[in-house]
file query.txt (compact mmCIF, C-alpha atoms)
# COMPACT_ATOMS: atom_id res chain seq x y z
CA MET A 151 22.11 -4.81 -13.10
CA ILE A 152 20.29 -3.79 -9.92
CA ARG A 153 17.91 -6.15 -8.14
CA ILE A 154 15.07 -4.55 -6.18
CA ALA A 155 12.71 -6.51 -3.95
CA ALA A 156 9.51 -4.81 -2.85
CA VAL A 157 6.26 -5.41 -1.00
CA GLY A 158 3.67 -3.18 0.67
CA ASP A 159 0.62 -3.56 2.87
CA VAL A 160 1.94 -6.35 5.05
CA HIS A 161 -0.16 -5.10 8.00
CA MET A 162 2.01 -6.72 10.67
CA ASP A 163 0.87 -7.64 14.14
CA ARG A 164 1.82 -10.53 16.41
CA ASP A 165 -0.44 -12.92 14.48
CA VAL A 166 1.65 -12.46 11.31
CA LEU A 167 5.09 -12.89 12.90
CA GLY A 168 7.13 -15.52 11.06
CA ARG A 169 4.94 -15.75 7.95
CA PHE A 170 7.28 -13.70 5.74
CA ARG A 171 10.57 -14.64 7.36
CA PRO A 172 11.42 -17.87 5.44
CA ALA A 173 11.11 -16.04 2.10
CA LEU A 174 12.91 -12.98 3.48
CA GLU A 175 15.89 -15.10 4.55
CA GLU A 176 16.52 -15.75 0.83
CA LEU A 177 16.80 -12.04 0.03
CA PRO A 178 20.61 -11.69 0.09
CA ASP A 179 20.76 -14.14 -2.82
CA ARG A 180 17.91 -12.49 -4.70
CA ALA A 181 18.06 -8.72 -4.25
CA ASP A 182 20.30 -5.75 -3.44
CA VAL A 183 17.65 -3.92 -1.45
CA LEU A 184 14.15 -4.43 -0.04
CA LEU A 185 11.64 -1.60 -0.37
CA LEU A 186 8.53 -1.52 1.83
CA ALA A 187 5.63 0.46 0.33
CA GLY A 188 3.73 1.45 3.49
CA ASP A 189 0.94 0.01 5.63
CA LEU A 190 3.53 -1.98 7.49
CA THR A 191 1.26 -2.22 10.56
CA ARG A 192 -2.47 -2.72 11.23
CA HIS A 193 -3.13 0.33 13.40
CA GLY A 194 0.18 2.15 13.57
CA THR A 195 1.07 1.17 17.13
CA GLU A 196 4.59 0.98 18.47
CA GLU A 197 4.04 -2.68 19.35
CA GLU A 198 3.02 -3.51 15.80
CA ALA A 199 6.04 -1.59 14.50
CA ARG A 200 8.23 -3.80 16.68
CA CYS A 201 6.68 -6.79 14.88
CA VAL A 202 7.68 -5.19 11.57
CA ALA A 203 11.18 -4.71 12.93
CA THR A 204 11.37 -8.36 14.00
CA GLU A 205 10.06 -9.67 10.67
CA PHE A 206 11.78 -7.29 8.23
CA GLY A 207 14.87 -6.18 10.16
CA ASN A 208 18.39 -7.58 10.02
CA LEU A 209 17.94 -9.25 6.64
CA GLY A 210 21.41 -8.90 5.19
CA VAL A 211 20.19 -6.36 2.61
CA PRO A 212 19.27 -2.70 3.19
CA VAL A 213 15.58 -2.19 3.96
CA VAL A 214 13.99 1.14 3.01
CA ALA A 215 10.37 1.98 3.81
CA VAL A 216 7.66 4.59 3.58
CA LEU A 217 4.69 4.64 5.93
CA GLY A 218 1.06 4.18 4.91
CA ASN A 219 -2.29 5.40 6.19
CA HIS A 220 -2.59 2.45 8.62
CA ASP A 221 0.77 3.42 10.12
CA HIS A 222 -0.69 6.84 10.96
CA HIS A 223 -3.94 5.60 12.52
CA ARG A 224 -2.88 5.78 16.20
CA ASP A 225 -0.91 9.01 15.85
CA GLU A 226 2.21 7.21 17.07
CA VAL A 227 4.32 7.93 13.99
CA PRO A 228 7.51 8.96 15.87
CA GLN A 229 7.37 5.78 17.95
CA VAL A 230 6.69 3.67 14.86
CA ILE A 231 9.64 5.18 13.02
CA ARG A 232 11.91 4.73 16.03
CA ALA A 233 10.96 1.04 16.32
CA LEU A 234 11.71 0.50 12.63
CA GLU A 235 14.99 2.39 12.76
CA THR A 236 16.12 0.31 15.73
CA ALA A 237 16.11 -2.69 13.36
CA GLY A 238 18.05 -0.77 10.71
CA ILE A 239 15.02 0.00 8.53
CA VAL A 240 15.34 3.44 6.90
CA VAL A 241 12.05 5.36 6.76
CA LEU A 242 11.67 7.97 4.00
CA GLU A 243 9.21 10.84 4.42
CA GLY A 244 9.79 13.15 1.50
CA THR A 245 13.45 12.26 1.75
CA ASN A 246 15.94 10.10 -0.11
CA LEU A 247 18.77 7.64 0.29
CA VAL A 248 21.55 6.66 -2.10
CA LEU A 249 22.89 3.11 -1.85
CA ASP A 250 25.97 1.63 -3.49
CA CYS A 251 24.89 -1.53 -5.31
CA GLY A 252 28.03 -3.07 -6.72
CA GLY A 253 29.34 0.26 -7.95
CA VAL A 254 25.98 1.53 -9.21
CA ARG A 255 24.46 4.33 -7.15
CA LEU A 256 20.81 3.48 -6.48
CA GLY A 257 18.80 6.47 -5.29
CA VAL A 258 15.47 5.87 -3.55
CA ALA A 259 13.16 8.81 -2.88
CA GLY A 260 10.12 8.05 -0.76
CA ALA A 261 6.96 9.61 0.60
CA LYS A 262 3.66 8.27 1.85
CA GLY A 263 1.68 10.27 -0.68
CA PHE A 264 -2.02 11.01 -0.27
CA GLY A 265 -5.27 11.05 -2.22
CA GLY A 266 -6.99 13.51 -4.50
CA GLY A 267 -7.66 11.59 -7.69
CA PHE A 268 -6.39 11.70 -11.20
CA ALA A 269 -6.33 14.17 -14.06
CA GLY A 270 -9.78 15.32 -15.05
CA ARG A 271 -11.43 13.66 -12.06
CA CYS A 272 -9.55 15.12 -9.13
CA ALA A 273 -10.05 17.29 -6.10
CA SER A 274 -9.18 20.98 -6.41
CA GLU A 275 -7.88 23.51 -3.92
CA PHE A 276 -11.23 25.26 -3.71
CA GLY A 277 -14.16 25.67 -1.35
CA GLU A 278 -14.30 24.56 2.25
CA PRO A 279 -11.14 24.71 4.38
CA GLU A 280 -11.27 20.90 4.74
CA MET A 281 -11.22 20.42 0.97
CA LYS A 282 -8.40 22.90 0.49
CA ALA A 283 -6.43 21.24 3.29
CA PHE A 284 -6.95 17.86 1.63
CA ILE A 285 -5.43 18.81 -1.70
CA ARG A 286 -2.75 21.02 -0.13
CA THR A 287 -1.61 18.00 1.87
CA THR A 288 -1.18 15.97 -1.31
CA GLN A 289 0.53 18.86 -3.11
CA ALA A 290 3.03 19.36 -0.26
CA ILE A 291 3.91 15.66 -0.16
CA ALA A 292 4.23 15.52 -3.96
CA ASP A 293 6.49 18.59 -3.93
CA GLN A 294 8.74 16.91 -1.34
CA LEU A 295 8.85 13.71 -3.38
CA GLY A 296 9.75 15.57 -6.57
CA GLU A 297 12.53 17.47 -4.87
CA ALA A 298 13.84 14.33 -3.18
CA LEU A 299 13.99 12.63 -6.60
CA ARG A 300 15.62 15.51 -8.44
CA GLU A 301 18.28 16.37 -5.87
CA MET A 302 19.84 12.89 -5.70
CA ASP A 303 23.30 12.39 -7.16
CA CYS A 304 22.90 8.80 -8.37
CA ASP A 305 22.73 6.53 -11.42
CA VAL A 306 19.30 4.99 -10.89
CA ARG A 307 16.27 6.71 -9.36
CA VAL A 308 13.41 4.76 -7.79
CA ALA A 309 10.31 6.42 -6.33
CA LEU A 310 8.63 4.70 -3.38
CA THR A 311 5.14 5.71 -2.21
CA HIS A 312 2.20 4.16 -0.48
CA TYR A 313 -0.53 5.94 -2.45
CA ALA A 314 -0.72 5.39 -6.20
CA PRO A 315 0.78 7.92 -8.66
CA VAL A 316 -1.28 6.69 -11.63
CA PRO A 317 -4.73 5.13 -12.14
CA ASP A 318 -3.36 2.25 -14.26
CA THR A 319 -2.43 0.16 -11.24
CA LEU A 320 -5.82 0.71 -9.62
CA ALA A 321 -7.64 -1.34 -12.24
CA GLY A 322 -9.88 -3.70 -10.27
CA GLU A 323 -10.72 -1.16 -7.57
CA PRO A 324 -14.14 0.56 -7.62
CA LEU A 325 -13.87 3.75 -9.69
CA GLU A 326 -15.68 5.63 -6.91
CA ILE A 327 -12.75 5.27 -4.50
CA TYR A 328 -9.91 6.24 -6.88
CA PRO A 329 -9.60 9.70 -5.26
CA PHE A 330 -8.83 7.95 -1.95
CA LEU A 331 -6.21 5.71 -3.52
CA GLY A 332 -3.82 8.19 -5.08
CA SER A 333 -3.15 11.39 -6.94
CA TYR A 334 -1.79 12.46 -10.31
CA LEU A 335 0.36 14.97 -8.38
CA LEU A 336 2.58 12.07 -7.28
CA GLY A 337 2.95 10.97 -10.92
CA GLN A 338 3.83 14.52 -11.91
CA ALA A 339 6.52 14.58 -9.22
CA ILE A 340 7.92 11.27 -10.44
CA ASP A 341 7.99 12.57 -14.01
CA SER A 342 9.92 15.67 -12.91
CA ALA A 343 13.08 13.56 -12.59
CA PRO A 344 14.61 10.83 -14.76
CA THR A 345 13.04 8.10 -12.66
CA GLU A 346 13.60 4.46 -13.55
CA LEU A 347 10.81 2.82 -11.58
CA ALA A 348 7.95 3.85 -9.25
CA LEU A 349 6.62 1.44 -6.62
CA HIS A 350 3.49 1.84 -4.52
CA GLY A 351 0.95 -0.13 -2.48
CA HIS A 352 -2.43 0.77 -0.91
CA ALA A 353 -4.69 -0.58 -3.67
CA HIS A 354 -5.38 -4.15 -2.51
CA ALA A 355 -7.74 -4.89 -5.39
CA GLY A 356 -5.67 -3.08 -8.01
CA SER A 357 -3.35 -4.49 -10.63
CA GLU A 358 0.41 -4.77 -10.95
CA ARG A 359 1.55 -2.75 -13.94
CA GLY A 360 1.20 0.75 -15.28
CA SER A 361 3.21 3.80 -16.30
CA THR A 362 3.21 7.54 -15.72
CA PRO A 363 2.34 10.00 -18.50
CA GLY A 364 6.11 10.56 -18.79
CA GLY A 365 6.76 6.87 -19.38
CA VAL A 366 8.08 5.80 -15.95
CA ARG A 367 7.13 2.24 -15.17
CA VAL A 368 4.85 1.91 -12.14
CA ARG A 369 4.30 -1.26 -10.14
CA ASN A 370 1.70 -1.86 -7.42
CA VAL A 371 3.43 -4.12 -4.90
CA ALA A 372 0.59 -4.34 -2.36
CA HIS A 373 0.82 -7.80 -0.84
CA PRO A 374 -2.74 -8.82 -1.82
CA VAL A 375 -1.90 -7.86 -5.42
CA ILE A 376 1.44 -9.64 -5.81
CA LYS A 377 0.34 -12.64 -3.71
CA GLN A 378 3.88 -13.55 -2.68
CA ALA A 379 6.29 -12.40 0.02
CA TYR A 380 7.81 -9.77 -2.30
CA SER A 381 8.35 -9.08 -5.97
CA VAL A 382 11.81 -8.74 -7.51
CA PHE A 383 12.65 -6.30 -10.32
CA HIS A 384 15.89 -6.36 -12.30
CA LEU A 385 16.94 -2.99 -13.70
CA TYR A 386 19.49 -2.87 -16.49
CA PRO A 387 21.67 -0.11 -17.92
CA PRO A 388 21.50 2.29 -19.63
CA TYR A 389 19.77 3.92 -16.69
CA ALA A 390 17.58 6.99 -17.14
CA GLY A 391 19.50 8.80 -14.42
CA THR A 392 22.86 8.56 -16.20
CA GLY A 393 21.58 10.81 -18.97
CA ALA A 394 21.19 8.05 -21.54
CA ARG A 395 17.45 8.61 -21.50
CA VAL A 396 15.39 11.46 -20.11
CA SER A 397 11.84 10.38 -19.34
CA ALA A 398 10.62 13.82 -18.43
CA ALA A 399 12.23 17.15 -17.82
CA GLY A 400 9.36 19.38 -16.80
CA GLU A 401 9.00 21.33 -13.61
CA THR A 402 6.53 19.92 -11.12
CA GLY A 403 4.70 23.22 -11.39
CA SER A 404 1.38 24.15 -9.93
CA SER A 405 -1.90 22.88 -11.23
CA MET B 1017 -39.05 -1.86 -1.50
CA ASN B 1018 -39.77 0.04 1.67
CA GLY B 1019 -42.91 -1.99 2.21
CA ARG B 1020 -40.99 -5.01 3.40
CA ALA B 1021 -41.63 -6.32 6.87
CA GLN B 1022 -38.71 -5.71 9.21
CA GLY B 1023 -38.02 -9.38 9.80
CA ASP B 1024 -34.89 -10.82 11.36
CA THR B 1025 -33.75 -12.36 8.07
CA GLU B 1026 -34.46 -9.26 6.00
CA PRO B 1027 -32.32 -9.26 2.85
CA PRO B 1028 -29.42 -6.83 3.32
CA ASP B 1029 -29.94 -3.31 1.94
CA ASP B 1030 -27.62 -0.40 1.07
CA TYR B 1031 -27.40 0.89 4.63
CA LEU B 1032 -26.52 -2.51 6.03
CA GLU B 1033 -23.87 -2.95 3.37
CA ALA B 1034 -22.40 0.42 4.34
CA ALA B 1035 -22.53 -0.46 8.05
CA ILE B 1036 -20.63 -3.70 7.48
CA GLN B 1037 -18.04 -2.02 5.26
CA ARG B 1038 -17.39 0.55 8.00
CA LEU B 1039 -17.29 -2.14 10.70
CA LEU B 1040 -14.58 -3.96 8.75
CA THR B 1041 -12.47 -0.82 8.57
CA GLU B 1042 -13.19 0.94 11.83
CA HIS B 1043 -13.48 -1.91 14.34
CA ASN B 1044 -10.24 -2.05 16.24
CA ALA B 1045 -9.99 -5.82 15.95
CA ILE B 1046 -10.39 -5.80 12.17
CA ALA B 1047 -9.00 -2.63 10.49
CA GLU B 1048 -9.34 -4.08 7.00
CA GLN B 1049 -9.97 -1.68 4.13
CA GLY B 1050 -9.34 -4.16 1.34
CA LEU B 1051 -12.37 -6.40 1.79
CA THR B 1052 -15.42 -6.20 -0.44
CA VAL B 1053 -19.00 -6.59 0.70
CA THR B 1054 -21.34 -7.83 -2.01
CA ARG B 1055 -25.09 -8.34 -1.81
CA ARG B 1056 -26.46 -11.50 -3.36
CA ASP B 1057 -30.16 -12.34 -3.66
CA HIS B 1058 -30.70 -13.23 -0.02
CA SER B 1059 -27.32 -12.88 1.62
CA LEU B 1060 -24.26 -10.79 1.93
CA VAL B 1061 -20.78 -12.01 0.94
CA VAL B 1062 -17.60 -10.65 2.53
CA CYS B 1063 -14.72 -11.31 0.15
CA GLY B 1064 -10.99 -10.70 0.09
CA GLU B 1065 -7.70 -11.82 1.57
CA VAL B 1066 -6.10 -11.20 4.96
CA GLU B 1067 -2.72 -11.81 6.56
CA SER B 1068 -3.65 -14.48 9.11
CA ALA B 1069 -6.22 -17.18 9.89
CA GLN B 1070 -6.93 -15.46 13.21
CA ARG B 1071 -8.02 -12.31 11.36
CA ARG B 1072 -10.39 -14.30 9.17
CA GLU B 1073 -11.95 -15.95 12.23
CA GLU B 1074 -12.24 -12.63 14.03
CA ILE B 1075 -14.01 -11.00 11.07
CA LEU B 1076 -16.54 -13.83 10.92
CA ARG B 1077 -17.09 -13.68 14.70
CA LEU B 1078 -17.55 -9.91 14.84
CA VAL B 1079 -19.86 -9.69 11.82
CA LEU B 1080 -22.06 -12.43 13.27
CA GLU B 1081 -21.98 -10.81 16.70
CA ARG B 1082 -23.01 -7.39 15.32
CA PHE B 1083 -25.57 -8.75 12.82
CA PRO B 1084 -26.73 -12.05 14.37
CA ASN B 1085 -29.68 -12.62 12.05
CA LEU B 1086 -28.03 -11.66 8.81
CA PRO B 1087 -27.30 -14.40 6.25
CA VAL B 1088 -23.58 -13.74 5.76
CA THR B 1089 -21.04 -15.73 3.80
CA VAL B 1090 -17.40 -15.00 4.61
CA ASP B 1091 -15.21 -15.95 1.67
CA ILE B 1092 -11.80 -14.74 2.80
CA GLY B 1093 -8.47 -16.30 1.92
CA LEU B 1094 -4.96 -16.04 3.32
CA ILE B 1095 -2.42 -14.12 1.26
CA ARG B 1096 0.44 -16.37 0.21
CA THR B 1097 3.90 -15.51 1.54
CA GLU B 1098 6.19 -17.71 -0.54
CA ALA B 1099 9.33 -16.30 -2.15
CA PRO B 1100 8.72 -15.32 -5.78
CA SER B 1101 9.32 -17.97 -8.43
CA THR B 1102 10.08 -15.38 -11.13
CA VAL B 1103 11.54 -11.90 -11.38
CA GLU B 1104 10.43 -9.06 -13.64
CA GLU B 1105 13.18 -7.99 -16.01
CA LEU B 1106 12.86 -4.26 -16.71
CA ARG B 1107 14.99 -3.45 -19.72

call {"tool": "encode", "arguments": {"input": "query.txt", "output": "structure tokens"}}
result
Amino acid sequence: MIRIAAVGDVHMDRDVLGRFRPALEELPDRADVLLLAGDLTRHGTEEEARCVATEFGNLGVPVVAVLGNHDHHRDEVPQVIRALETAGIVVLEGTNLVLDCGGVRLGVAGAKGFGGGFAGRCASEFGEPEMKAFIRTTQAIADQLGEALREMDCDVRVALTHYAPVPDTLAGEPLEIYPFLGSYLLGQAIDSAPTELALHGHAHAGSERGSTPGGVRVRNVAHPVIKQAYSVFHLYPPYAGTGARVSAAGETGSS
Amino acid sequence: MNGRAQGDTEPPDDYLEAAIQRLLTEHNAIAEQGLTVTRRDHSLVVCGEVESAQRREEILRLVLERFPNLPVTVDIGLIRTEAPSTVEELR
């Protein structure tokens, strides 16, 4: 069994320092890894990232993160990543990491993701350069995520994003802003590999549970949604990645 | 609708609602995208949850500073940060 703790959208700054720490100190007894689903800071400053490092670093379990839109706001992404890495937090940007959890190889592939909307109600690569750039950005990130998931040599695959891969976990958000909250392209990438679980944040007014068209379970772990320091998920064998079950085998393909 | 007098306690309209929503996101001291702004009969309610009491106070202060004559109710809670009492078993 693998134990995964996760939270997103903690929006750290000096005023939040210490709020999460008592619950985080319990993590070594509760989880094998902590995944952070983006929007770790308020504005994406190096100083705020140092607050994240202080609060979420050196926990006694591996900490793996993706960035969110807030973490990009000040255009200080390299400094933010450096501050997180100084505290041992691994930041995934279309990349992956395989961890040994008691003999089980847990593979985490992560990317921030981006918007665009969901099947039948989504942006297309058509028209003005700005619109084409918008959807190309999402497609490129989704392609990286899919490849990062598929190339891992591991027993259990978990996808970590900030933006939502499915509309299920947006329930509660205004329908009008769904295209700014996620994209079906992320779900398609997740379904291109035998993924066990997909975690995301970003949708503060969304809901916790959903699944991809391919049957991968999706959980929205945005802090305002889970209303606790982190959620914990227990994953049991047989794992999809060991070949016992194949949730989807399709190519990511173009749309 | 457009015949209303432009009084100081004018009920909030669409444009004011949009202005407050953008203030909540774009003001450097707030940067909150997860709050909702809802118009009631004669007032405007800012709802949601934030990470600290200071942020809640700052939102109230800045909204009142920017729109001093607007009847605003700020109904914002703090997000709990306790350790979880249950786990989700995914079998």

call {"tool": "closest_atom_pairs", "arguments": {"input": "query.txt", "of": "chain B", "to": "chain A", "cutoff": "9 Å", "atoms": "all atoms listed in the file", "output": "tab-separated table"}}
result
residue	atom	partner	partner_atom	distance
B:Asn1044	CA	A:His193	CA	8.0
B:Ile1046	CA	A:Arg192	CA	8.5
B:Ala1047	CA	A:Arg192	CA	6.6
B:Glu1048	CA	A:Arg192	CA	8.2
B:Gln1049	CA	A:His354	CA	8.4
B:Gly1050	CA	A:His354	CA	5.5
B:Leu1051	CA	A:His354	CA	8.5
B:Gly1064	CA	A:Ala355	CA	8.6
B:Glu1065	CA	A:Pro374	CA	6.7
B:Val1066	CA	A:Pro374	CA	7.9
B:Glu1067	CA	A:Val166	CA	6.5
B:Ser1068	CA	A:Val166	CA	6.1
B:Ala1069	CA	A:Asp165	CA	8.5
B:Gln1070	CA	A:Asp165	CA	7.1
B:Arg1071	CA	A:Asp165	CA	8.2
B:Ile1095	CA	A:Lys377	CA	5.9
B:Arg1096	CA	A:Gln378	CA	5.3
B:Thr1097	CA	A:Ala379	CA	4.2
B:Glu1098	CA	A:Gln378	CA	5.2
B:Ala1099	CA	A:Ala173	CA	4.6
B:Pro1100	CA	A:Gln378	CA	6.0
B:Thr1102	CA	A:Val382	CA	7.8
B:Val1103	CA	A:Val382	CA	5.0
B:Glu1104	CA	A:Phe383	CA	4.9
B:Glu1105	CA	A:His384	CA	4.9
B:Leu1106	CA	A:Leu385	CA	5.2
B:Arg1107	CA	A:Tyr386	CA	5.6

call {"tool": "closest_residue", "arguments": {"input": "query.txt", "among": "A:Ala339, A:Leu331, A:Leu256, A:Cys251", "to": "A:Gln294", "atoms": "all atoms listed in the file"}}
result
A:Ala339

call {"tool": "closest_residue", "arguments": {"input": "query.txt", "among": "A:Gly253, A:Pro363, A:Pro317, A:Gly296", "to": "A:Gly265", "atoms": "all atoms listed in the file"}}
result
A:Pro317

call {"tool": "atom_distance", "arguments": {"input": "query.txt", "atom1": "atom CA of A:Met281", "atom2": "atom CA of A:Leu336"}}
result
18.1 Å

call {"tool": "atom_distance", "arguments": {"input": "query.txt", "atom1": "atom CA of B:Pro1087", "atom2": "atom CA of B:Glu1074"}}
result
17.0 Å

call {"tool": "decode", "arguments": {"input": "query.txt", "residues": "stretch 1067-1082 of chain B", "atoms": "N, CA, C and O atoms", "output": "short mmCIF file (atom, residue, chain, number, x, y, z; two decimals), in the first residue's frame"}}
result
data_model
loop_
_atom_site.label_atom_id
_atom_site.label_comp_id
_atom_site.auth_asym_id
_atom_site.auth_seq_id
_atom_site.Cartn_x
_atom_site.Cartn_y
_atom_site.Cartn_z
N GLU B 1067 -6.37 32.40 3.70
CA GLU B 1067 -5.38 31.67 4.50
C GLU B 1067 -5.00 32.34 5.82
O GLU B 1067 -4.31 31.74 6.63
N SER B 1068 -5.39 33.60 6.02
CA SER B 1068 -5.02 34.24 7.29
C SER B 1068 -6.02 35.33 7.66
O SER B 1068 -6.69 35.89 6.78
N ALA B 1069 -6.10 35.63 8.96
CA ALA B 1069 -6.99 36.69 9.44
C ALA B 1069 -6.55 38.05 8.89
O ALA B 1069 -7.38 38.90 8.59
N GLN B 1070 -5.23 38.22 8.73
CA GLN B 1070 -4.72 39.49 8.19
C GLN B 1070 -5.26 39.73 6.78
O GLN B 1070 -5.58 40.86 6.41
N ARG B 1071 -5.35 38.67 5.99
CA ARG B 1071 -5.85 38.82 4.61
C ARG B 1071 -7.32 39.22 4.62
O ARG B 1071 -7.74 40.04 3.82
N ARG B 1072 -8.08 38.64 5.52
CA ARG B 1072 -9.50 39.00 5.62
C ARG B 1072 -9.65 40.47 5.98
O ARG B 1072 -10.45 41.20 5.38
N GLU B 1073 -8.86 40.93 6.95
CA GLU B 1073 -8.93 42.33 7.37
C GLU B 1073 -8.51 43.27 6.24
O GLU B 1073 -9.09 44.34 6.05
N GLU B 1074 -7.49 42.86 5.51
CA GLU B 1074 -6.98 43.69 4.42
C GLU B 1074 -8.00 43.81 3.29
O GLU B 1074 -8.16 44.88 2.69
N ILE B 1075 -8.70 42.73 3.01
CA ILE B 1075 -9.74 42.76 1.97
C ILE B 1075 -10.83 43.74 2.37
O ILE B 1075 -11.25 44.60 1.58
N LEU B 1076 -11.28 43.63 3.60
CA LEU B 1076 -12.34 44.53 4.09
C LEU B 1076 -11.87 45.98 4.00
O LEU B 1076 -12.59 46.86 3.51
N ARG B 1077 -10.63 46.24 4.45
CA ARG B 1077 -10.10 47.60 4.46
C ARG B 1077 -10.01 48.17 3.05
O ARG B 1077 -10.44 49.31 2.79
N LEU B 1078 -9.49 47.38 2.13
CA LEU B 1078 -9.27 47.89 0.77
C LEU B 1078 -10.57 48.07 0.00
O LEU B 1078 -10.71 49.04 -0.75
N VAL B 1079 -11.53 47.18 0.20
CA VAL B 1079 -12.82 47.34 -0.48
C VAL B 1079 -13.51 48.61 0.03
O VAL B 1079 -14.05 49.40 -0.74
N LEU B 1080 -13.47 48.82 1.34
CA LEU B 1080 -14.10 50.02 1.91
C LEU B 1080 -13.37 51.29 1.48
O LEU B 1080 -13.99 52.32 1.26
N GLU B 1081 -12.05 51.18 1.37
CA GLU B 1081 -11.25 52.35 0.95
C GLU B 1081 -11.58 52.72 -0.50
O GLU B 1081 -11.73 53.90 -0.83
N ARG B 1082 -11.69 51.70 -1.37
CA ARG B 1082 -11.95 51.96 -2.79
C ARG B 1082 -13.40 52.35 -3.05
O ARG B 1082 -13.69 53.14 -3.93
#
